[in-house]
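What follows is a short report on a single structure.
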Amino acid sequence: MLNIASLVIGIIALILAVFAFIPLLGWANWVIVPFAVVGLALGAMSDKTSGRNLNIVVVVIGIIRLSLGGGII
């Protein structure tokens with residue numbers, strides 16, 4: 001059950017991360033990354049790894065986008 005919740009959070013975060021690639025919307029990653037970290041925590045508590053892996057990808061994409069935009073120095 002935790003894996004399904006993690007997958008749902010990961011999919012929502014990934015969809016929002018796609019919109020955050022639009023110029024002037026990079027600030028949205030400050031909300032998306034912590035949201036994906038919550039999904040990562042849920043995925044870490046489950047027996048399966050698909051939700052955890054999806055959220056790891058979303059967190060990495062969000063951090064890379066923030067660093068490219070100057071949000072993380």
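Labels used: A, B, ... for chains in the order of the structure tokens, numbers from 1 for residues in each chain, and numbers from 1 for ligands as shown.
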
* Could you name the residues that touch Leu68 of chain A at 12 Å or less, counting only C-alpha atoms, but leaving out those on the same chain fewer than 2 positions away, as a PyMOL selection string? -> chain A and resi 21+23+26-27+29+61-66+70-73

* Give me the residues within 9 Å of Ile32 of chain A as a ChimeraX atom specification, counting only C-alpha atoms and dropping any in the same chain fewer than 5 places off. => /A:13-14,16-17,20,37,58-59,62

Filtering to C-alpha atoms, could you give me those residues as an mmCIF file, in the first residue's frame?
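The resulting file, part38.cif, is reproduced below:
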data_model
loop_
_atom_site.group_PDB
_atom_site.id
_atom_site.type_symbol
_atom_site.label_atom_id
_atom_site.label_comp_id
_atom_site.auth_asym_id
_atom_site.auth_seq_id
_atom_site.Cartn_x
_atom_site.Cartn_y
_atom_site.Cartn_z
ATOM 1 C CA ALA A 13 5.467 15.310 -8.731
ATOM 2 C CA LEU A 14 6.812 14.254 -12.142
ATOM 3 C CA LEU A 16 4.461 19.091 -11.968
ATOM 4 C CA ALA A 17 8.216 18.892 -12.643
ATOM 5 C CA ALA A 20 8.466 23.543 -13.908
ATOM 6 C CA VAL A 37 10.979 13.504 -0.739
ATOM 7 C CA VAL A 58 11.992 13.304 -9.591
ATOM 8 C CA VAL A 59 14.187 14.653 -6.773
ATOM 9 C CA GLY A 62 14.219 18.944 -9.516
#

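Between Val8 of chain A and the residues A:Ile56, A:Ala36, A:Ala44, A:Ala28, the shortest atom-to-atom distance, using only C-alpha atoms, involves A:Ala36.
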
* Structure fact -> Between atom CA of Ile12 of chain A and atom CA of Val31 of chain A lies a distance of 12.0 Å

* Return as JSON, numbers by chain the full set of residues in chain A whose backbone-based DSSP assignment is helix (DSSP H, G or I). => {"A": [2, 3, 4, 5, 6, 7, 8, 9, 10, 11, 12, 13, 14, 15, 16, 17, 18, 19, 26, 27, 28, 29, 30, 31, 32, 33, 34, 35, 36, 37, 38, 39, 40, 41, 42, 43, 44, 45, 50, 51, 52, 53, 54, 55, 56, 57, 58, 59, 60, 61, 62, 63, 64, 65, 66, 67, 68, 69]}

Selection file, C-alpha atoms, as a tab-separated table (two decimals), in the first residue's frame:
chain	number	residue	atom	x	y	z
A	2	LEU	CA	2.87	2.38	0.77
A	3	ASN	CA	4.36	1.65	-2.65
A	4	ILE	CA	1.12	2.67	-4.37
A	5	ALA	CA	1.00	5.90	-2.36
A	6	SER	CA	4.63	6.54	-3.26
A	7	LEU	CA	3.93	5.92	-6.94
A	8	VAL	CA	0.95	8.30	-6.91
A	9	ILE	CA	3.00	11.03	-5.24
A	10	GLY	CA	5.85	10.40	-7.68
A	11	ILE	CA	3.63	10.63	-10.74
A	12	ILE	CA	2.04	13.85	-9.51
A	13	ALA	CA	5.47	15.31	-8.73
A	14	LEU	CA	6.81	14.25	-12.14
A	15	ILE	CA	3.91	15.91	-13.96
A	16	LEU	CA	4.46	19.09	-11.97
A	17	ALA	CA	8.22	18.89	-12.64
A	18	VAL	CA	7.54	18.86	-16.39
A	19	PHE	CA	5.64	22.14	-16.03
A	26	GLY	CA	11.41	27.01	-12.02
A	27	TRP	CA	10.44	28.27	-8.57
A	28	ALA	CA	7.87	25.46	-8.48
A	29	ASN	CA	10.71	23.01	-7.89
A	30	TRP	CA	10.99	24.38	-4.34
A	31	VAL	CA	7.58	22.76	-3.76
A	32	ILE	CA	8.05	19.70	-5.96
A	33	VAL	CA	11.31	18.46	-4.42
A	34	PRO	CA	9.99	18.26	-0.81
A	35	PHE	CA	6.78	16.66	-2.14
A	36	ALA	CA	8.88	14.01	-3.89
A	37	VAL	CA	10.98	13.50	-0.74
A	38	VAL	CA	7.77	12.59	1.11
A	39	GLY	CA	7.04	10.06	-1.64
A	40	LEU	CA	10.60	8.81	-1.34
A	41	ALA	CA	10.14	8.25	2.39
A	42	LEU	CA	6.94	6.30	1.77
A	43	GLY	CA	8.68	4.26	-0.91
A	44	ALA	CA	11.58	3.51	1.40
A	45	MET	CA	9.16	2.05	3.96
A	50	SER	CA	9.37	1.17	-7.92
A	51	GLY	CA	7.85	4.11	-5.98
A	52	ARG	CA	11.16	4.87	-4.29
A	53	ASN	CA	13.02	4.83	-7.61
A	54	LEU	CA	10.50	7.11	-9.30
A	55	ASN	CA	10.76	9.65	-6.50
A	56	ILE	CA	14.57	9.52	-6.60
A	57	VAL	CA	14.39	10.42	-10.29
A	58	VAL	CA	11.99	13.30	-9.59
A	59	VAL	CA	14.19	14.65	-6.77
A	60	VAL	CA	17.30	14.50	-8.97
A	61	ILE	CA	15.51	16.23	-11.86
A	62	GLY	CA	14.22	18.94	-9.52
A	63	ILE	CA	17.62	19.57	-7.95
A	64	ILE	CA	19.34	19.72	-11.35
A	65	ARG	CA	16.70	22.18	-12.58
A	66	LEU	CA	17.15	24.32	-9.47
A	67	SER	CA	20.91	24.35	-9.87
A	68	LEU	CA	20.65	25.30	-13.55
A	69	GLY	CA	18.31	28.16	-12.70
